[in-house]
Structures are given as structure tokens and as C-alpha cells.
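One file, input.txt, carrying compact mmCIF, C-alpha atoms:
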# COMPACT_ATOMS: atom_id res chain seq x y z
CA MET T 1 -54.67 -51.15 -15.06
CA ILE T 2 -52.80 -48.77 -17.30
CA GLY T 3 -49.04 -48.64 -16.88
CA VAL T 4 -47.45 -45.24 -16.38
CA THR T 5 -43.81 -44.62 -17.13
CA VAL T 6 -42.22 -41.39 -15.98
CA LEU T 7 -39.44 -40.39 -18.34
CA THR T 8 -37.18 -37.85 -16.74
CA GLY T 9 -33.62 -36.57 -17.05
CA PHE T 10 -31.84 -33.25 -17.06
CA LEU T 11 -32.09 -30.69 -19.84
CA GLY T 12 -30.68 -32.04 -23.07
CA SER T 13 -30.12 -35.53 -21.76
CA GLY T 14 -32.01 -37.13 -24.63
CA LYS T 15 -35.50 -37.76 -23.30
CA THR T 16 -37.35 -36.70 -26.43
CA THR T 17 -34.97 -38.56 -28.72
CA LEU T 18 -35.47 -41.72 -26.67
CA LEU T 19 -39.23 -41.23 -26.67
CA ARG T 20 -39.30 -40.78 -30.44
CA HIS T 21 -37.46 -44.06 -30.81
CA LEU T 22 -39.72 -45.91 -28.38
CA LEU T 23 -42.92 -44.70 -30.01
CA ARG T 24 -41.82 -46.27 -33.27
CA GLN T 25 -41.57 -49.70 -31.65
CA PRO T 26 -44.51 -52.15 -31.79
CA GLU T 27 -44.45 -52.51 -28.00
CA PHE T 28 -45.30 -48.82 -27.69
CA SER T 29 -47.99 -48.66 -30.35
CA ARG T 30 -50.76 -48.14 -27.80
CA THR T 31 -49.14 -45.39 -25.84
CA ALA T 32 -50.55 -42.05 -24.71
CA VAL T 33 -47.96 -39.36 -24.22
CA ILE T 34 -47.89 -36.38 -21.89
CA ILE T 35 -45.05 -33.96 -22.42
CA ASN T 36 -44.22 -31.18 -20.01
CA GLU T 37 -41.93 -28.42 -21.14
CA PHE T 38 -40.36 -25.63 -19.14
CA GLY T 39 -40.77 -22.49 -21.12
CA GLU T 40 -43.17 -20.27 -22.91
CA ILE T 41 -43.47 -22.41 -26.03
CA GLY T 42 -43.00 -26.10 -26.47
CA LEU T 43 -41.32 -27.84 -29.36
CA ASP T 44 -41.12 -31.43 -28.21
CA HIS T 45 -44.69 -32.09 -29.28
CA GLU T 46 -43.66 -31.15 -32.82
CA LEU T 47 -40.70 -33.50 -32.69
CA VAL T 48 -42.47 -36.56 -31.37
CA GLU T 49 -44.62 -38.36 -33.88
CA ALA T 50 -47.66 -39.56 -32.00
CA SER T 51 -51.38 -39.58 -32.51
CA THR T 52 -52.81 -36.21 -31.60
CA ASP T 53 -55.70 -38.06 -29.97
CA SER T 54 -53.46 -39.48 -27.34
CA PHE T 55 -50.98 -36.69 -27.04
CA ILE T 56 -51.07 -33.82 -24.58
CA GLU T 57 -48.60 -31.07 -23.96
CA LEU T 58 -48.48 -29.41 -20.56
CA ALA T 59 -46.66 -26.13 -21.01
CA ASN T 60 -46.12 -22.91 -19.08
CA GLY T 61 -44.93 -24.53 -15.95
CA CYS T 62 -43.26 -27.51 -14.47
CA LEU T 63 -45.02 -30.69 -13.47
CA CYS T 64 -43.26 -30.84 -10.16
CA CYS T 65 -44.46 -27.37 -9.18
CA ARG T 66 -47.61 -25.70 -10.33
CA LEU T 67 -48.86 -28.28 -12.80
CA ARG T 68 -49.25 -31.17 -10.39
CA SER T 69 -53.02 -30.88 -10.21
CA ASP T 70 -53.11 -30.38 -13.97
CA LEU T 71 -51.32 -33.68 -14.38
CA ALA T 72 -53.83 -35.60 -12.29
CA GLU T 73 -56.75 -33.95 -14.08
CA THR T 74 -55.16 -34.54 -17.47
CA ILE T 75 -54.61 -38.22 -16.86
CA ALA T 76 -58.09 -38.67 -15.44
CA ALA T 77 -59.58 -36.99 -18.52
CA MET T 78 -57.46 -39.15 -20.84
CA VAL T 79 -58.58 -42.33 -19.11
CA ASP T 80 -62.19 -41.17 -19.23
CA ARG T 81 -61.97 -40.54 -22.98
CA ARG T 82 -60.37 -43.95 -23.43
CA ASP T 83 -63.22 -45.59 -21.51
CA ARG T 84 -65.77 -43.79 -23.68
CA GLY T 85 -63.95 -44.86 -26.82
CA THR T 86 -63.23 -41.35 -28.07
CA VAL T 87 -59.49 -41.97 -28.16
CA PRO T 88 -57.60 -45.13 -29.11
CA PRO T 89 -57.49 -47.71 -26.32
CA PHE T 90 -54.03 -46.97 -25.04
CA SER T 91 -52.50 -49.43 -22.63
CA ARG T 92 -49.72 -47.27 -21.30
CA ILE T 93 -48.96 -43.66 -20.58
CA VAL T 94 -45.54 -42.09 -20.86
CA ILE T 95 -45.02 -38.81 -19.02
CA GLU T 96 -41.99 -36.91 -20.24
CA THR T 97 -41.10 -34.39 -17.58
CA SER T 98 -39.33 -31.14 -18.16
CA GLY T 99 -35.58 -31.31 -17.76
CA LEU T 100 -35.74 -29.29 -14.57
CA ALA T 101 -38.46 -31.35 -12.94
CA ASP T 102 -38.12 -33.06 -9.63
CA PRO T 103 -39.66 -36.50 -10.20
CA ALA T 104 -40.54 -37.05 -6.55
CA PRO T 105 -43.65 -34.81 -6.41
CA ILE T 106 -44.81 -36.27 -9.71
CA LEU T 107 -44.56 -39.78 -8.32
CA GLN T 108 -46.38 -38.68 -5.23
CA THR T 109 -49.21 -37.27 -7.33
CA LEU T 110 -49.52 -40.55 -9.19
CA MET T 111 -49.39 -42.62 -6.02
CA VAL T 112 -51.73 -40.70 -3.73
CA ASP T 113 -54.54 -39.64 -6.05
CA PRO T 114 -57.38 -42.05 -5.22
CA TYR T 115 -58.83 -42.11 -8.73
CA LEU T 116 -55.50 -42.57 -10.45
CA GLY T 117 -54.46 -45.15 -7.88
CA GLY T 118 -57.38 -47.33 -8.93
CA ARG T 119 -56.73 -47.09 -12.65
CA LEU T 120 -52.99 -46.78 -13.04
CA LYS T 121 -49.97 -48.71 -12.03
CA LEU T 122 -46.60 -47.02 -11.95
CA SER T 123 -44.45 -48.99 -14.34
CA GLY T 124 -41.30 -47.17 -13.47
CA VAL T 125 -39.13 -44.12 -13.61
CA VAL T 126 -36.71 -44.01 -16.50
CA THR T 127 -33.99 -41.40 -16.21
CA THR T 128 -31.78 -40.37 -19.08
CA VAL T 129 -28.24 -39.25 -18.34
CA ASP T 130 -26.03 -37.74 -20.99
CA ALA T 131 -22.72 -39.61 -21.35
CA VAL T 132 -20.96 -36.47 -22.57
CA ASN T 133 -22.16 -33.85 -20.08
CA GLY T 134 -23.64 -36.14 -17.44
CA ALA T 135 -20.75 -36.17 -14.99
CA SER T 136 -20.42 -32.40 -14.85
CA THR T 137 -24.19 -31.97 -14.74
CA LEU T 138 -24.39 -34.32 -11.77
CA GLU T 139 -21.70 -32.27 -10.05
CA ARG T 140 -23.43 -28.99 -10.67
CA GLU T 141 -27.17 -29.58 -10.76
CA GLN T 142 -28.72 -31.07 -7.66
CA ILE T 143 -31.95 -31.83 -9.47
CA SER T 144 -30.10 -34.14 -11.85
CA VAL T 145 -28.85 -36.15 -8.87
CA LYS T 146 -32.42 -36.55 -7.68
CA GLN T 147 -33.55 -37.64 -11.12
CA ALA T 148 -30.86 -40.31 -11.27
CA ALA T 149 -31.31 -41.47 -7.69
CA LEU T 150 -35.05 -42.06 -8.12
CA ALA T 151 -34.73 -44.03 -11.33
CA ASP T 152 -35.80 -47.62 -11.78
CA ARG T 153 -33.93 -47.71 -15.04
CA LEU T 154 -31.10 -45.47 -16.12
CA VAL T 155 -30.45 -44.84 -19.77
CA VAL T 156 -27.06 -43.38 -20.57
CA THR T 157 -27.54 -41.50 -23.79
CA LYS T 158 -25.11 -40.26 -26.42
CA SER T 159 -22.76 -43.08 -25.63
CA ASP T 160 -21.84 -42.99 -29.31
CA LEU T 161 -20.45 -39.45 -28.79
CA ALA T 162 -18.66 -40.03 -25.51
CA GLY T 163 -15.13 -41.21 -25.10
CA PRO T 164 -13.72 -41.87 -21.65
CA SER T 165 -16.38 -39.62 -20.12
CA ALA T 166 -18.90 -42.45 -20.39
CA SER T 167 -17.06 -44.53 -17.81
CA VAL T 168 -16.98 -41.55 -15.44
CA VAL T 169 -20.75 -41.20 -15.75
CA LEU T 170 -21.31 -44.91 -15.19
CA HIS T 171 -19.13 -44.85 -12.09
CA ARG T 172 -21.00 -41.84 -10.72
CA LEU T 173 -24.37 -43.46 -11.39
CA ALA T 174 -23.30 -46.65 -9.66
CA GLY T 175 -22.64 -44.57 -6.58
CA LEU T 176 -25.97 -42.79 -6.77
CA ASN T 177 -28.26 -45.65 -7.68
CA ALA T 178 -26.68 -49.06 -7.83
CA ARG T 179 -30.08 -50.76 -7.90
CA ALA T 180 -31.21 -49.41 -11.25
CA PRO T 181 -30.16 -51.31 -14.36
CA VAL T 182 -28.25 -49.14 -16.79
CA ALA T 183 -28.80 -49.25 -20.54
CA LEU T 184 -26.57 -47.53 -23.05
CA ALA T 185 -28.38 -45.74 -25.84
CA HIS T 186 -26.65 -45.50 -29.19
CA HIS T 187 -28.02 -42.75 -31.39
CA GLY T 188 -31.06 -42.56 -29.13
CA ARG T 189 -31.91 -46.23 -29.50
CA ILE T 190 -32.30 -48.89 -26.84
CA ASP T 191 -34.05 -52.22 -26.59
CA PRO T 192 -37.62 -51.20 -25.68
CA ARG T 193 -37.94 -54.17 -23.35
CA ILE T 194 -35.64 -52.38 -20.95
CA ILE T 195 -38.36 -49.85 -20.27
CA ASP T 196 -40.75 -52.53 -19.09
CA ALA T 197 -38.31 -54.49 -16.96
CA GLY T 198 -39.30 -54.37 -13.30
CA ARG T 199 -41.68 -52.04 -11.61
CA PHE T 200 -41.35 -48.97 -9.43
CA GLU T 201 -40.86 -49.96 -5.80
CA PRO T 202 -40.11 -46.94 -3.70
CA GLN T 203 -39.05 -48.98 -0.69
CA ALA T 204 -36.35 -50.58 -2.79
CA SER T 205 -34.88 -47.33 -3.97
CA SER T 206 -31.37 -46.67 -2.82
CA VAL T 207 -32.61 -43.23 -1.97
CA HIS T 208 -36.02 -43.42 -0.37
CA ILE T 209 -38.57 -41.22 -2.08
CA LEU T 210 -39.87 -39.83 1.20
CA SER T 211 -36.45 -38.64 2.20
CA TRP T 212 -36.47 -36.51 -0.92
CA LEU T 213 -39.98 -35.32 -0.23
CA GLY T 214 -39.28 -34.48 3.37
CA SER T 215 -37.18 -31.44 2.74
CA ASP T 216 -39.73 -29.99 0.37
CA VAL T 217 -42.92 -30.33 2.35
CA ALA T 218 -44.09 -27.04 3.78
CA GLY T 219 -46.35 -26.59 6.80
CA ASP T 220 -49.50 -26.75 4.69
CA GLY T 221 -48.44 -30.07 3.27
CA HIS T 222 -47.92 -28.48 -0.11
CA LEU T 223 -44.78 -29.31 -1.96
CA HIS T 224 -42.56 -26.47 -2.94
CA THR T 225 -39.82 -27.13 -5.39
CA GLN T 226 -37.44 -24.32 -6.12
CA HIS T 227 -35.71 -23.93 -9.42
CA ASP T 228 -32.59 -21.85 -9.62
CA PRO T 229 -33.96 -18.30 -10.04
CA ALA T 230 -31.13 -17.48 -12.42
CA ILE T 231 -32.42 -20.08 -14.87
CA GLN T 232 -34.58 -18.59 -17.58
CA ALA T 233 -36.45 -20.18 -20.44
CA TYR T 234 -37.40 -18.16 -23.45
CA ALA T 235 -38.11 -18.56 -27.12
CA ILE T 236 -36.80 -16.77 -30.16
CA ARG T 237 -39.22 -16.64 -33.05
CA ARG T 238 -38.55 -15.42 -36.54
CA ASN T 239 -40.92 -15.12 -39.43
CA GLN T 240 -38.16 -14.77 -42.02
CA PRO T 241 -36.02 -17.78 -42.98
CA ILE T 242 -32.45 -17.84 -41.68
CA ARG T 243 -29.49 -18.36 -43.96
CA ALA T 244 -27.55 -21.56 -43.26
CA VAL T 245 -24.31 -19.68 -42.75
CA ALA T 246 -25.96 -17.29 -40.28
CA LEU T 247 -27.34 -20.25 -38.37
CA THR T 248 -23.87 -21.77 -38.21
CA LEU T 249 -22.35 -18.54 -36.92
CA PHE T 250 -25.19 -18.11 -34.43
CA LEU T 251 -24.78 -21.58 -32.92
CA GLU T 252 -21.01 -21.35 -32.80
CA THR T 253 -21.13 -17.95 -31.12
CA LEU T 254 -23.61 -19.15 -28.53
CA ALA T 255 -21.48 -22.17 -27.76
CA GLU T 256 -18.32 -20.11 -27.62
CA HIS T 257 -19.56 -17.39 -25.31
CA CYS T 258 -22.15 -19.13 -23.15
CA GLY T 259 -20.45 -22.39 -22.20
CA THR T 260 -22.21 -24.15 -19.36
CA ASP T 261 -24.66 -21.26 -18.91
CA LEU T 262 -26.41 -22.48 -22.03
CA LEU T 263 -28.24 -25.31 -20.34
CA ARG T 264 -30.29 -26.27 -23.34
CA LEU T 265 -31.11 -25.11 -26.81
CA LYS T 266 -33.52 -26.73 -29.16
CA GLY T 267 -35.29 -25.38 -32.12
CA ILE T 268 -36.95 -25.89 -35.41
CA VAL T 269 -35.47 -23.61 -38.03
CA ASN T 270 -36.67 -22.43 -41.40
CA VAL T 271 -33.45 -22.34 -43.41
CA LEU T 272 -33.58 -20.11 -46.46
CA GLU T 273 -31.75 -22.57 -48.68
CA CYS T 274 -34.12 -25.42 -47.83
CA PRO T 275 -37.52 -23.99 -46.91
CA ASP T 276 -39.47 -27.23 -47.26
CA ARG T 277 -37.37 -29.21 -44.83
CA PRO T 278 -36.98 -27.70 -41.36
CA ALA T 279 -33.76 -28.19 -39.46
CA VAL T 280 -34.04 -29.39 -35.90
CA ILE T 281 -31.19 -28.14 -33.75
CA HIS T 282 -30.09 -29.34 -30.34
CA GLY T 283 -27.43 -27.99 -28.05
CA VAL T 284 -26.48 -28.73 -24.50
CA GLN T 285 -23.87 -26.54 -22.89
CA HIS T 286 -20.95 -26.59 -25.31
CA VAL T 287 -22.09 -29.70 -27.16
CA PHE T 288 -24.15 -29.22 -30.30
CA HIS T 289 -25.49 -32.02 -32.38
CA PRO T 290 -25.54 -31.95 -36.14
CA PRO T 291 -28.87 -30.53 -37.28
CA GLU T 292 -31.48 -33.06 -38.22
CA TRP T 293 -33.44 -32.33 -41.37
CA LEU T 294 -37.08 -33.31 -41.16
CA GLU T 295 -38.78 -34.58 -44.29
CA ARG T 296 -41.51 -31.96 -43.89
CA TRP T 297 -42.85 -29.39 -41.50
CA PRO T 298 -44.75 -31.07 -38.68
CA SER T 299 -47.46 -28.37 -38.69
CA ASP T 300 -48.61 -25.33 -40.62
CA ASP T 301 -46.41 -23.14 -38.48
CA HIS T 302 -43.28 -22.65 -40.56
CA ARG T 303 -41.69 -20.02 -38.37
CA THR T 304 -38.30 -20.53 -36.83
CA ARG T 305 -38.70 -21.22 -33.13
CA ILE T 306 -35.70 -21.68 -30.89
CA VAL T 307 -36.15 -22.40 -27.22
CA LEU T 308 -33.29 -21.67 -24.86
CA ILE T 309 -32.91 -22.51 -21.21
CA THR T 310 -30.07 -20.48 -19.84
CA ARG T 311 -28.46 -19.16 -16.74
CA HIS T 312 -27.55 -15.44 -16.71
CA ILE T 313 -27.97 -15.06 -20.49
CA ARG T 314 -30.35 -12.31 -21.52
CA GLN T 315 -32.93 -13.01 -24.17
CA ARG T 316 -32.21 -9.73 -25.91
CA TRP T 317 -28.58 -10.66 -26.45
CA VAL T 318 -29.60 -13.86 -28.18
CA GLU T 319 -32.19 -12.07 -30.30
CA VAL T 320 -29.89 -9.29 -31.42
CA LEU T 321 -27.06 -11.74 -32.07
CA LEU T 322 -29.19 -13.74 -34.48
CA GLU T 323 -30.56 -10.61 -36.10
CA ALA T 324 -27.14 -9.05 -36.59
CA LEU T 325 -25.50 -12.21 -37.93
CA ASP T 326 -28.32 -12.86 -40.39
CA ALA T 327 -28.22 -9.24 -41.54
CA GLU T 328 -24.48 -9.48 -42.10
CA VAL T 329 -24.71 -12.71 -44.07
CA SER T 330 -27.58 -11.25 -46.07
CA ALA T 331 -25.51 -8.17 -46.91
CA VAL T 332 -22.62 -10.33 -48.11
CA SER T 333 -24.98 -12.45 -50.22
CA VAL T 334 -26.49 -9.37 -51.88
CA ARG T 335 -23.05 -7.95 -52.63
CA ARG T 336 -22.13 -11.15 -54.42
CA MET D 1 -26.44 2.05 -42.72
CA SER D 2 -27.41 3.71 -39.49
CA THR D 3 -29.87 0.95 -38.71
CA ARG D 4 -27.18 -1.66 -39.20
CA GLN D 5 -24.73 0.30 -37.06
CA ASP D 6 -27.37 0.66 -34.37
CA LEU D 7 -27.94 -3.07 -34.44
CA ILE D 8 -24.22 -3.75 -34.05
CA CYS D 9 -24.00 -1.21 -31.23
CA GLU D 10 -26.84 -2.96 -29.47
CA LEU D 11 -25.18 -6.33 -30.01
CA LEU D 12 -21.96 -5.05 -28.46
CA SER D 13 -23.79 -3.42 -25.55
CA GLU D 14 -25.76 -6.58 -24.90
CA SER D 15 -22.57 -8.60 -25.16
CA LEU D 16 -20.99 -6.56 -22.38
CA LEU D 17 -24.01 -7.32 -20.21
CA ALA D 18 -23.98 -10.99 -21.18
CA TRP D 19 -20.33 -11.28 -20.22
CA GLY D 20 -20.80 -9.37 -16.98
CA LEU D 21 -18.41 -6.63 -18.04
CA ALA D 22 -18.58 -2.91 -17.41
CA GLY D 23 -18.17 -0.56 -20.33
CA SER D 24 -19.92 1.55 -22.90
CA VAL D 25 -20.55 1.51 -26.64
CA ARG D 26 -21.13 4.46 -28.92
CA ARG D 27 -21.26 5.24 -32.61
CA GLU D 28 -18.73 7.62 -34.02
CA PRO D 29 -19.41 10.12 -36.81
CA ASP D 30 -17.14 8.32 -39.27
CA GLY D 31 -19.11 5.07 -39.04
CA GLY D 32 -16.88 3.39 -36.51
CA ILE D 33 -17.98 2.08 -33.14
CA LEU D 34 -16.06 2.81 -29.97
CA MET D 35 -16.15 0.53 -26.94
CA THR D 36 -14.57 1.69 -23.71
CA SER D 37 -13.99 -0.22 -20.53
CA ASP D 38 -11.55 -0.34 -17.64
CA LEU D 39 -9.27 -2.49 -19.78
CA GLY D 40 -8.98 0.00 -22.61
CA ARG D 41 -10.59 1.21 -25.80
CA ILE D 42 -11.69 -0.86 -28.73
CA ARG D 43 -12.63 0.64 -32.05
CA ILE D 44 -14.53 -1.36 -34.62
CA GLU D 45 -14.73 -0.05 -38.14
CA PRO D 46 -15.76 -1.43 -41.51
CA SER D 47 -12.83 -2.83 -43.43
CA PRO D 48 -11.61 -0.87 -46.43
CA LEU D 49 -12.49 -2.39 -49.78
CA GLY D 50 -9.99 -4.86 -51.12
CA LEU D 51 -9.10 -6.48 -47.82
CA PRO D 52 -10.29 -10.01 -47.06
CA PHE D 53 -12.08 -8.83 -43.91
CA ARG D 54 -15.37 -7.17 -43.15
CA TRP D 55 -14.20 -5.43 -40.00
CA ILE D 56 -11.08 -3.96 -38.48
CA VAL D 57 -10.85 -4.25 -34.71
CA VAL D 58 -8.41 -1.84 -33.09
CA VAL D 59 -7.49 -2.77 -29.54
CA ASN D 60 -5.19 -0.28 -27.85
CA ASP D 61 -3.81 0.88 -31.22
CA ARG D 62 -3.27 -2.65 -32.54
CA SER D 63 -5.38 -3.49 -35.59
CA ARG D 64 -6.65 -6.90 -36.59
CA GLY D 65 -9.06 -7.99 -39.28
CA ALA D 66 -12.28 -9.85 -38.57
CA VAL D 67 -14.22 -11.75 -41.21
CA SER D 68 -17.60 -11.56 -39.45
CA LEU D 69 -19.37 -10.17 -36.43
CA ALA D 70 -18.78 -13.50 -34.74
CA ALA D 71 -15.04 -12.89 -35.14
CA VAL D 72 -15.46 -9.33 -33.87
CA LEU D 73 -17.13 -10.62 -30.72
CA ARG D 74 -14.33 -13.14 -30.23
CA GLN D 75 -11.67 -10.44 -30.44
CA VAL D 76 -13.57 -8.04 -28.21
CA ARG D 77 -14.17 -10.71 -25.59
CA ALA D 78 -10.54 -11.78 -25.66
CA ALA D 79 -9.46 -8.17 -25.12
CA LEU D 80 -11.93 -7.32 -22.36
CA ASP D 81 -12.23 -10.67 -20.65
CA PRO D 82 -8.84 -12.37 -20.96
CA GLY D 83 -8.90 -15.93 -19.77
CA TYR D 84 -12.59 -16.50 -20.45
CA PRO D 85 -13.12 -20.19 -21.10
CA ALA D 86 -13.89 -20.02 -24.80
CA SER D 87 -15.53 -23.12 -26.13
CA ARG D 88 -14.70 -23.49 -29.79
CA VAL D 89 -16.99 -25.70 -31.73
CA ARG D 90 -17.58 -26.18 -35.41
CA ILE D 91 -21.16 -26.57 -36.44
CA ALA D 92 -22.10 -26.84 -40.05
CA PRO D 93 -25.83 -27.13 -40.60
CA LEU D 94 -25.57 -27.67 -44.31
CA PRO D 95 -28.96 -28.20 -45.86
CA PRO D 96 -29.49 -31.76 -47.07
CA LEU D 97 -29.27 -30.59 -50.66
CA PHE D 98 -25.59 -29.86 -50.16
CA SER D 99 -24.54 -32.56 -47.70
I need this file expressed as C-alpha cells, please.
Amino acid sequence: MIGVTVLTGFLGSGKTTLLRHLLRQPEFSRTAVIINEFGEIGLDHELVEASTDSFIELANGCLCCRLRSDLAETIAAMVDRRDRGTVPPFSRIVIETSGLADPAPILQTLMVDPYLGGRLKLSGVVTTVDAVNGASTLEREQISVKQAALADRLVVTKSDLAGPSASVVLHRLAGLNARAPVALAHHGRIDPRIIDAGRFEPQASSVHILSWLGSDVAGDGHLHTQHDPAIQAYAIRRNQPIRAVALTLFLETLAEHCGTDLLRLKGIVNVLECPDRPAVIHGVQHVFHPPEWLERWPSDDHRTRIVLITRHIRQRWVEVLLEALDAEVSAVSVRR
Amino acid sequence: MSTRQDLICELLSESLLAWGLAGSVRREPDGGILMTSDLGRIRIEPSPLGLPFRWIVVVNDRSRGAVSLAAVLRQVRAALDPGYPASRVRIAPLPPLFS
């Protein structure tokens, strides 16, 4: 039986960072990864170092909605390739959901599919919760409550950045899901053994999975999960490198004017001053992390790609903001 | 020049939409940009040479300098949307060569 871990958590809560850390550990050396991103282009697959043979990205939709059948078919195909020896013999699968995904329909897919049921065992649901923004996210975003309540293990991320807010998050999580052990991640790192502790037991959940499913089951038995219609995901692409100062002004302006409506920003940026080393940028609401400089481009695509998940923020505003700021910085540079 | 002014006009127009504010933006013959809304008129013009600003923002006849378009947006938002919960952060993505 192949163990399946569902890694979930709200937008920007640190799922990909945690996954990157885990995949570097010996315990996770034989891991196949499925990443689902909400948006027109995905970046996480560029940021996670894994064998392309055992790595699949499910984009253009959310696993909990229209990609459920894709998930079952994808896993079945992966297992078939493993059996035929055309991919490395992985012993576990990690499914990283999109940040807006409801884990309940995903679990149901894994549990009820007869083929998957005979080949897979659900190792657990790991939910990441951001120590900085987590408390306010849990107040505001119902889907984040569901993600935390269904967890077998909770990982509180960014504890190195949080002050007193970490204790608020821990208190809130204790009320939502006292059964799940809580691990604190420092700089995206945890003891990998935490992931394997215990096994998913829906009957033991403080919030029963079927109670979550009940409200979503329509007359035809199909699950319908509604995302907030005001939430939009889009990508900004640029062929020309961006000046470092323009990037700074761009990020600061977004943070200043968008606040909590900027649910998530992540991107890989071609910075003019350092074209061989892309900058990876992350932002969640008003919190931005220092850019991380990769040693090299992860693929031949050296364009800047910035994915934003926003509420009530038009794509055109973001595009023209970046264009105008870069043009201004360019004009100043030429004058000098 | 006109292309750059058009871009700034579009940025300001889009900013009004992004902030949920009513108003209009238009270019003026002298190179300035005029924003009008229920809360008043804002004129944005290139700073004269020799001043340590790139822009002058005139809000209801009071002039202030702005060092960048980001600063222009901050002043415009503060004038048209007083009390907006500005989130000030400092992000410095210095390339590794310099850090």
C-alpha cells in the first residue's frame, strides 16, 4: 500500500516551503508529488525540487471542485507507471492542494474510489497555518477553518516571524481541532517524523468529515464547493527584466494599497541587476518575505511570472502599476 | 512623453477603480494630469528641475513633492480616501551581489 498525505492550508500558509523541506529529507526520498494550483499558471512546480518522473502539476482548477476526477485518474496512472517500472518506485504520494481547496471532497475521492482504495492508504491530512496571519485568516475565511478542523497534524508556520500572534493562533487551533498534534515550523523546517505520526481516522476527527460533506452534497450526489466569486487568480508575465528598485516599489505599493485583499502573491522574477539568479517573491496580505535568490533558473523559461490571488483587485491595475514603476525607474537610471 | 503620460493616466484611473472611488483622470495640455472627484481636484505635474522630487502633487491648492509614482499614489489615496488602512512595509529585494 502506498501512503498518501494530503498537504493543505490556506493561501500563503507555507505549504510549498514545507514540502520543499520535506523532499530534501531521506524519509521522503521516494515520494511522488501532485501539486494543485488555483490560477492560470503554476509556479510551485518550479519551486519544488523533485524528480520530474514523479511530479505532476494539476492546474487550471481546484482539486476540490472540477479536478476531482482528474486526481483519481492521475494517481491511478502514476501507480500504473510505478508498477510497470517506468517511474521510480515511490512509496508515498504527497498531494499539495491549492490554498483555496476544501480538503473534504479530496479525502472522499481518495476513500471511495475502488481502485485507489485497494492501492493507497491515507496517511493523513497535514494542514499548515500561518502564525502571523493565521488568526485573522481563520476569522475571515471559512475554508481555512475547514482545513484546520480536518487536519490530523497541524503545522504552524512562520513561527520565527510571529510574536504574540503565535499564541493566539495556537489557542484558536486548540478550539478547532484539539485532537491534532501541533508542530511549529521554524523557517519552513519541521521534524519529518511528525508527518508520519498517526493515520487519518475520520471517526476520530473533532469535526466529522461527513458533517462537512453534508452541506455540499447536491441532489445528484455531486459535490459543489463554492469559492468566493470575488476572488480572482491571475498572472503577470514580463519578458523584460525588472529593475530591483522597481520591484521594491511594486511590492511595497501592493502591500500598502491592497491590504487583506491581496490574499497571495508569489512569483519568480528576472531582476535586471542579477539576470542569472531569479528572485522568488512571496507575499500574504500585508506580510512580504524577503526575496529568495535561487542559484539558477529552474527551467528555460526566464520570464518574470507573478501569480496573484486577490479579492476585488483588478489585474490591469497590477499590470499598469508594474509597468509604470519600471518605466519611471528606467527613466531615472538613463538620466544618471 | 505622451506614452508615459498615458501610462500614468491609466495607472491613476485604474487606481480609482481599485480603491472603489468615483472620479476621473485627464491629461492637460501643459503635461500635467488632473484628477477630479467628489472630494476635490488633484493636479499632478512633473517637478521642475533642481528639486529633489520627480512630481508635484497639488491637492486643493496645496503642493507637495513626491519622489516616485508610488509616493504620488500614496498622496492621492490619502486625499481621496482619508482613513484608508495603509499598510506600510519596507521590502528591499537587493540582489545577492549587493546584500
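Distance cut-off 9 Å, centre (-6.8, 0.8, -29.0), atoms counted only C-alpha atoms; the residues meeting this are Gly40, Arg41, Ile42, Arg43, Val57, Val58, Val59, Asn60, Asp61, Arg62 and Ser63 of chain D.
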Output the contact residues of chain T with respect to chain D at a cut-off of 9 Å, based on all atoms listed in the file, as a PyMOL selection string.
-> chain T and resi 244-245+247-253+255-259+271+273-274+277+279+281+286-293+312-314+316-318+320-321+323-325+327-329
Atomic distance atom CA of T:Gly118 - atom CA of T:Asp83, expressed in Å with one decimal = 14.0 Å
Give me the residues within 9 Å of stretch 45-51 of chain D as number ranges by chain, counting all atoms listed in the file and dropping any in the same chain fewer than 3 places off.
-> D: 30-34, 54-58, 65-66
Identify the residues within 6 Å of coordinate (-35.6, -29.0, -33.7) (same frame as the file), considering all atoms listed in the file, and give the answer as number ranges by chain.
-> T: 266-268, 280-281
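Between atom CA of T:Leu184 and atom CA of T:Val156 the interatomic distance comes to 4.9 Å.
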Report the distance between atom CA of D:Ala78 and atom CA of T:His282 in Å, rounded to one decimal place.
-> 26.7 Å
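Near T:Tyr115, within 10 Å and counting all atoms listed in the file, sit Ala72, Glu73, Ile75, Ala76, Leu110, Met111, Val112, Asp113, Gly117, Gly118, Arg119 and Leu120 of chain T, not including residues fewer than 2 positions from it in the same chain.
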Would you kindly return, as a PyMOL selection string, each protein, DNA or RNA residue with an atom no farther than 7 Å from any atom of stretch 295-307 of chain T, considering all atoms listed in the file and excluding same-chain residues fewer than 4 positions away?
-> chain T and resi 46+234-239+265-270+276-278
